[in-house]
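Enquirer: My questions will all concern the structure given below.
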Amino acid sequence: MSDGRGLRGLVLLIVGTGLLAPILAGLAETAAAAFGHLPALGFDGWSLTAWQALAAEPGLATSLRLTLVTGLGATALSVVLAMGAVAALAGRVPAARGMRALAPFLAVPHAAMAIGLAFLLAPSGWIARGLAPLMGWVLPPGLASVNDPWGLALILGLLVKEVPFLMLVTWSALGQIDAGRQMAAGRALGYAPAAVWAKVLLPQLWPLVRLPVAVALAYALSVVDMAIILGPSNPPVLAVALTRWFFDPDPARILPAAAGALVQAGIVALGLALLWGAERLAHKLGRRWVRAGGRRAFGPGLAAVLVGGLLTLATLALLALAVWSLAWRWSFPQMLPESWSLKFWLASGRWGAALGMTLWLALASAALSVALAILWLEAEDRGQRTRARWAEALIYLPLILPQIAFLYGLNVVALRAGLSGHPGAVIWAQAIFVFPYVMIALTAPWRALDPRLSRAAAALGAGPWRRLIRVKLPMLLRPILTAAAIGVAVSVAQYLPTLFLGAGRVTTLTTEAVTLSSSSDRRVVAVYASLQALVPFVAYALAALLPAWVHRNCRDLAGAVPA
Amino acid sequence: MSLVLEKLMVTLPRADRPLFEVSLRVEPGQVASVMGPSGVGKSTLLDAVGGHLAPGFRCAGRVWLEGRDVTHLSAEARRIGLMFQEALLFPHLSVGDNLAFGLSPAVKGRAARRAAVATALERAGLAGMEGRDPATLSGGQRARAALMRTLLADPAALLLDEPFSRLDTGLRAEMRAFTFAHIAERGIPALMVTHDPEDATAAAGPVLRLSATGT
């Protein structure tokens, strides 16, 4: 039997050069610029000019405060709401059904959800229209209900996306601990279910969800697209300010932007340190609480109600996208358009190219990621190895590191290589973020495959490649396509990689939707955002239907086996 | 202070006939045995008495404990302890903290609670093992710690779901004697599901043979 050493070497080479090297090179270039070394602009040698320029930026302190408040606040609330809601629902709603109901909220790209929420929350949005008869409003009220200076709308937007993600992660982790019997044991000792959750189940779930929580935290601290659409505008959160400076007509502002990018990385590091500290503190206090023997706790019911409210908002936001995209005349305070039109949908000359580019980038980056994930998992199988911790950390690295900290530097490298502005460079940059999700999605089903089937094939004389292609891959068709659909959804949602590596020449639904969101016609924006939300749905639908059709004659494979 | 089951019936989701109908009286200090073939609903009976039925299961009849009707109380309000095949000590807590988790909140003050846990550990032959990880205990030690955790909650009755079946033969007799002695000493009624006739003989209480109703 082959021990797969060659394959493992190949996978390491691809991951090293394709994923790790760009991140490190991008970080290095950003750091060089932050310390004054930017030969292209005539800055040579080392200086602290960039840091002085950053410190002199008006509104920097406010940007930092907003970043911390929105990022930490949204994540803390998301964790509490998600865990509370799962505590309330698990045991009443079957896990598979609950997770299926959450999936659509995960599939919608951040930008599309943010635009829908803006349509809902804006002074002329659906909520204000609903309140207008009660409040006697004839004109949209003069409230900053979106882009508010406190970042509340941004926090709400982050909650709408992070709560379903963390609920899904928590719910699937619940299957890995003996939750049902431990709940019975706790209740037989006189504990209310909420108390068993807090004292018994959560401490065991936490190690399983810690990394996804860290990913959500890093994301919330460095989000750009959602913050442009919903967040405060002047000054904005740090990541948005940095994006503006990087693309400022005055190239000298790249210097403070590069220094700020390192600050952004520092903020994420600080956030992770706080998370770790909170974990230690909760552990300590929790021990005391356990020892005191109190039988009561409360909260899950309230969390479930609040999550219900969030998901209702999310549903209305998506509905608002659809209605606006079909509206012709819609004056305040009418609840529905006075006249409808397909004009903006039929003007495919406007959005067709962006859709085509989005699909091309998504299919290419998802296909590359799935191929690499299959090779990686197969190499693990052949070496009969479990994944080393550094390898697991490597998979999560692009999700923890703020994108803005290395994408500028990466584009500097791409410029030097003459690749900047080419769709290939964007595919590469997107794949850095698509691959981790594909890998995470495919790992569990891959390992769940009965190894005896592969051994049976080997006993019949099939070599390792034949076993992979004829036995494993066909049986894993459904999870592979699901992973690919997740990859497509992640790719469609990417904003910064397209912006930086596309150098303004690669236009996708996302870059268009974000660019148009602030200025122009709501009806046009709604078409872009609806398309952006539709692409992942179509991908998931195909991932569900194709295996059923391919395996239509194999009952064990065609059924609705959850991937 | 007895445990009384009065025409207790449980119907499975989407079934039209109850799984069983049981009437039984267990006196304080007594251990009643429930026997019968697999799938006849022995564990479901314990779930019904303890209040652990999954959603969708329908339950009729009455459960009386110490003269109060507990049929519609939640599991945590019934004061009915539960012992499984496995000890089911919580893996994230030390042995001492597992017992402290069980210890009734009526015992107040950190020193008093620590002392109560230490005494219980000593009685279980686990003196000084507060800080141990439950995973490092032997099977017998784990079973004794689990019984102590249950008893520290001051239950008014005890349910035992094949409590000795996972233990080695030698250990089984020892653990049986340990468990029954504590039940007699506490003077609480206990209901035990078992496959092992020796368990029923040793328990020396009423024996309920469960068979499918209507067949």
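Lettering and numbering for the structure tokens are positional, with chains as A, B, ... in the shown order, residues counted from 1 in each chain, and ligands counted from 1 in the shown order.
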Please identify the alpha helix (DSSP H) residues within region 348-554 of chain A (assignment by DSSP from backbone atoms) and present them as a PyMOL selection string.
Expert: chain A and resi 348-383+389-400+404-416+423-448+451-459+464-466+473-475+477-493+496-502+509-519+522-550
Enquirer: Write out as a list in words the residues lying within 9 Å of Gln334 (chain A), counting only C-alpha atoms and excluding same-chain residues fewer than 2 positions away.
Expert: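 Answer for this query is Trp126, Arg129, Gly130, Trp330, Ser331, Phe332, Leu336, Pro337 and Glu338 of chain A.
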Enquirer: Please dump the current selection as a PDB file, in the first residue's frame; keep all heavy atoms.
Expert:
ATOM      1  N   TRP A 126     -39.370  50.161   5.121  1.00  0.00           N
ATOM      2  CA  TRP A 126     -40.632  49.486   5.386  1.00  0.00           C
ATOM      3  C   TRP A 126     -41.141  49.722   6.798  1.00  0.00           C
ATOM      4  O   TRP A 126     -42.331  49.907   7.028  1.00  0.00           O
ATOM      5  CB  TRP A 126     -40.484  47.979   5.129  1.00  0.00           C
ATOM      6  CG  TRP A 126     -41.384  47.520   4.036  1.00  0.00           C
ATOM      7  CD1 TRP A 126     -42.373  48.245   3.445  1.00  0.00           C
ATOM      8  CD2 TRP A 126     -41.367  46.244   3.406  1.00  0.00           C
ATOM      9  NE1 TRP A 126     -42.985  47.492   2.474  1.00  0.00           N
ATOM     10  CE2 TRP A 126     -42.389  46.262   2.428  1.00  0.00           C
ATOM     11  CE3 TRP A 126     -40.612  45.087   3.567  1.00  0.00           C
ATOM     12  CZ2 TRP A 126     -42.661  45.163   1.617  1.00  0.00           C
ATOM     13  CZ3 TRP A 126     -40.873  43.992   2.765  1.00  0.00           C
ATOM     14  CH2 TRP A 126     -41.882  44.029   1.790  1.00  0.00           C
ATOM     15  N   ARG A 129     -42.566  53.094   7.120  1.00  0.00           N
ATOM     16  CA  ARG A 129     -43.836  53.152   6.391  1.00  0.00           C
ATOM     17  C   ARG A 129     -44.954  52.514   7.211  1.00  0.00           C
ATOM     18  O   ARG A 129     -46.090  52.993   7.219  1.00  0.00           O
ATOM     19  CB  ARG A 129     -43.711  52.416   5.047  1.00  0.00           C
ATOM     20  CG  ARG A 129     -42.896  53.182   4.019  1.00  0.00           C
ATOM     21  CD  ARG A 129     -42.475  52.288   2.860  1.00  0.00           C
ATOM     22  NE  ARG A 129     -41.506  52.967   2.003  1.00  0.00           N
ATOM     23  CZ  ARG A 129     -41.826  53.633   0.895  1.00  0.00           C
ATOM     24  NH1 ARG A 129     -43.086  53.686   0.495  1.00  0.00           N
ATOM     25  NH2 ARG A 129     -40.900  54.224   0.200  1.00  0.00           N
ATOM     26  N   GLY A 130     -44.617  51.422   7.902  1.00  0.00           N
ATOM     27  CA  GLY A 130     -45.616  50.749   8.739  1.00  0.00           C
ATOM     28  C   GLY A 130     -46.037  51.626   9.911  1.00  0.00           C
ATOM     29  O   GLY A 130     -47.196  51.616  10.329  1.00  0.00           O
ATOM     30  N   TRP A 330     -43.033  54.215  -6.032  1.00  0.00           N
ATOM     31  CA  TRP A 330     -43.302  53.777  -4.662  1.00  0.00           C
ATOM     32  C   TRP A 330     -43.024  54.944  -3.729  1.00  0.00           C
ATOM     33  O   TRP A 330     -41.913  55.128  -3.254  1.00  0.00           O
ATOM     34  CB  TRP A 330     -42.424  52.564  -4.304  1.00  0.00           C
ATOM     35  CG  TRP A 330     -42.838  51.898  -3.025  1.00  0.00           C
ATOM     36  CD1 TRP A 330     -43.892  52.231  -2.229  1.00  0.00           C
ATOM     37  CD2 TRP A 330     -42.205  50.777  -2.402  1.00  0.00           C
ATOM     38  NE1 TRP A 330     -43.978  51.391  -1.153  1.00  0.00           N
ATOM     39  CE2 TRP A 330     -42.950  50.484  -1.227  1.00  0.00           C
ATOM     40  CE3 TRP A 330     -41.110  49.978  -2.707  1.00  0.00           C
ATOM     41  CZ2 TRP A 330     -42.614  49.438  -0.371  1.00  0.00           C
ATOM     42  CZ3 TRP A 330     -40.763  48.941  -1.856  1.00  0.00           C
ATOM     43  CH2 TRP A 330     -41.519  48.674  -0.700  1.00  0.00           C
ATOM     44  N   SER A 331     -44.059  55.763  -3.464  1.00  0.00           N
ATOM     45  CA  SER A 331     -43.820  56.958  -2.659  1.00  0.00           C
ATOM     46  C   SER A 331     -44.134  56.671  -1.187  1.00  0.00           C
ATOM     47  O   SER A 331     -44.901  55.768  -0.856  1.00  0.00           O
ATOM     48  CB  SER A 331     -44.675  58.115  -3.174  1.00  0.00           C
ATOM     49  OG  SER A 331     -46.030  57.718  -3.180  1.00  0.00           O
ATOM     50  N   PHE A 332     -43.520  57.464  -0.331  1.00  0.00           N
ATOM     51  CA  PHE A 332     -43.741  57.361   1.105  1.00  0.00           C
ATOM     52  C   PHE A 332     -45.136  57.887   1.427  1.00  0.00           C
ATOM     53  O   PHE A 332     -45.566  58.883   0.829  1.00  0.00           O
ATOM     54  CB  PHE A 332     -42.677  58.196   1.828  1.00  0.00           C
ATOM     55  CG  PHE A 332     -42.604  57.934   3.296  1.00  0.00           C
ATOM     56  CD1 PHE A 332     -41.855  56.883   3.790  1.00  0.00           C
ATOM     57  CD2 PHE A 332     -43.307  58.732   4.197  1.00  0.00           C
ATOM     58  CE1 PHE A 332     -41.791  56.634   5.143  1.00  0.00           C
ATOM     59  CE2 PHE A 332     -43.254  58.477   5.564  1.00  0.00           C
ATOM     60  CZ  PHE A 332     -42.496  57.429   6.027  1.00  0.00           C
ATOM     61  N   LEU A 336     -46.768  49.327  -0.221  1.00  0.00           N
ATOM     62  CA  LEU A 336     -46.373  48.602  -1.432  1.00  0.00           C
ATOM     63  C   LEU A 336     -46.278  49.599  -2.588  1.00  0.00           C
ATOM     64  O   LEU A 336     -46.883  50.670  -2.541  1.00  0.00           O
ATOM     65  CB  LEU A 336     -47.405  47.517  -1.766  1.00  0.00           C
ATOM     66  CG  LEU A 336     -47.369  46.278  -0.884  1.00  0.00           C
ATOM     67  CD1 LEU A 336     -48.519  45.348  -1.221  1.00  0.00           C
ATOM     68  CD2 LEU A 336     -46.038  45.538  -1.008  1.00  0.00           C
ATOM     69  N   PRO A 337     -45.512  49.256  -3.624  1.00  0.00           N
ATOM     70  CA  PRO A 337     -45.371  50.170  -4.760  1.00  0.00           C
ATOM     71  C   PRO A 337     -46.728  50.486  -5.382  1.00  0.00           C
ATOM     72  O   PRO A 337     -47.622  49.631  -5.406  1.00  0.00           O
ATOM     73  CB  PRO A 337     -44.494  49.397  -5.743  1.00  0.00           C
ATOM     74  CG  PRO A 337     -43.779  48.388  -4.918  1.00  0.00           C
ATOM     75  CD  PRO A 337     -44.709  48.031  -3.799  1.00  0.00           C
ATOM     76  N   GLU A 338     -46.848  51.700  -5.893  1.00  0.00           N
ATOM     77  CA  GLU A 338     -48.085  52.075  -6.586  1.00  0.00           C
ATOM     78  C   GLU A 338     -48.100  51.476  -7.977  1.00  0.00           C
ATOM     79  O   GLU A 338     -49.143  51.169  -8.530  1.00  0.00           O
ATOM     80  CB  GLU A 338     -48.195  53.600  -6.675  1.00  0.00           C
ATOM     81  CG  GLU A 338     -48.486  54.236  -5.335  1.00  0.00           C
ATOM     82  CD  GLU A 338     -47.494  55.319  -4.965  1.00  0.00           C
ATOM     83  OE1 GLU A 338     -46.256  55.049  -5.065  1.00  0.00           O
ATOM     84  OE2 GLU A 338     -47.921  56.415  -4.586  1.00  0.00           O
TER      85      GLU A 338
END
Enquirer: May I have the residues within 10 Å of region 99-106 of chain A as an MDAnalysis selection string, using only C-alpha atoms and disregarding those fewer than 3 positions away in the same chain?
Expert: chainID A and resid 93:96 109:110 113 160:165 167:169 171:172 311 314:315 318 486 489:490 533 536:537 540 562
Enquirer: Should the cut-off be 12 Å, what would the residue list for chain A against chain B look like, counting only C-alpha atoms, as a PyMOL selection string?
Expert: chain A and resi 90-94+177-196+199-207+283+286-296
Enquirer: Can you tell me which residues surround region 180-187 of chain B at a distance of at most 7 Å, considering only C-alpha atoms, apart from same-chain residues fewer than 5 positions away, and format the answer as number ranges by chain?
Expert: B: 28-30
Enquirer: Would you mind listing what lies within 8 Å of Thr70 (chain A) as a PyMOL selection string, with only C-alpha atoms counted and same-chain residues fewer than 6 positions away left out?
Expert: chain A and resi 151-152+154-155+220-221
Enquirer: As a ChimeraX atom specification, please: the residues near Val95 (chain B) (cut-off 8 Å, only C-alpha atoms, same-chain neighbours under 5 positions excluded).
Expert: /B:89,129-134,145
Enquirer: For the residues selected in the previous step, produce a file with N, CA and C atoms as a tab-separated table (two decimals), in the first residue's frame.
Expert:
chain	number	residue	atom	x	y	z
B	89	LEU	N	-20.80	10.62	35.05
B	89	LEU	CA	-20.22	11.78	35.73
B	89	LEU	C	-19.92	12.80	34.65
B	129	MET	N	-10.33	12.34	47.01
B	129	MET	CA	-10.26	12.32	45.54
B	129	MET	C	-11.02	13.49	44.91
B	130	GLU	N	-11.27	14.56	45.66
B	130	GLU	CA	-12.02	15.71	45.15
B	130	GLU	C	-11.50	16.22	43.81
B	131	GLY	N	-10.16	16.32	43.71
B	131	GLY	CA	-9.59	16.98	42.54
B	131	GLY	C	-9.42	16.09	41.33
B	132	ARG	N	-9.76	14.79	41.47
B	132	ARG	CA	-9.50	13.85	40.37
B	132	ARG	C	-10.43	14.09	39.18
B	133	ASP	N	-9.91	13.82	37.99
B	133	ASP	CA	-10.71	13.81	36.77
B	133	ASP	C	-11.50	12.51	36.77
B	134	PRO	N	-12.84	12.56	36.59
B	134	PRO	CA	-13.63	11.32	36.63
B	134	PRO	C	-13.11	10.25	35.68
B	145	ALA	N	-19.23	7.02	43.04
B	145	ALA	CA	-19.29	8.49	43.02
B	145	ALA	C	-20.63	8.95	42.47
Enquirer: Report as a ChimeraX atom specification all protein, DNA and RNA residues lying within 12 Å of Ile228 (chain A), evaluated on only C-alpha atoms, omitting residues in the same chain fewer than 2 positions from it.
Expert: /A:110-111,114-115,118,146-148,151,153-154,157,222-226,230-244,495-496,511,513-519
Enquirer: Could you state the separation of CA of Pro163 (chain B) and CA of Gln85 (chain B) in Å, given to one decimal place?
Expert: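 One can read the CA of Pro163 (chain B) to CA of Gln85 (chain B) distance as 4.6 Å.
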Enquirer: For a test of reading the model, state the distance in Å between CA of Val15 (chain A) and CA of Gly383 (chain A), rounded to one decimal.
Expert: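 CA of Val15 (chain A) sits 17.4 Å away from CA of Gly383 (chain A).
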Enquirer: In Å, rounded to a single decimal, give me how far CA of Val488 (chain A) is from CA of Arg523 (chain A).
Expert: 25.3 Å
Enquirer: Determine the nearest neighbour of His195 (chain B) from the options B:Phe164, B:Phe20, B:Phe57, B:Trp64, counting only C-alpha atoms.
Expert: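 Looking at the shortest contact to His195 (chain B), the residue is B:Phe164.
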Enquirer: Let's see if you can do this: from backbone DSSP, list all strand (DSSP E) residues in region 209-426 of chain A, as a list in words.
Expert: Ala327, Trp328, Arg329, Ser339 and Trp340 of chain A
Enquirer: Which is closer to Arg65 (chain A) than all the others in A:Gly175, A:Pro149, A:Pro547, A:Pro451, using only C-alpha atoms?
Expert: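 Nearest candidate to Arg65 (chain A) out of A:Gly175, A:Pro149, A:Pro547, A:Pro451: A:Pro149.
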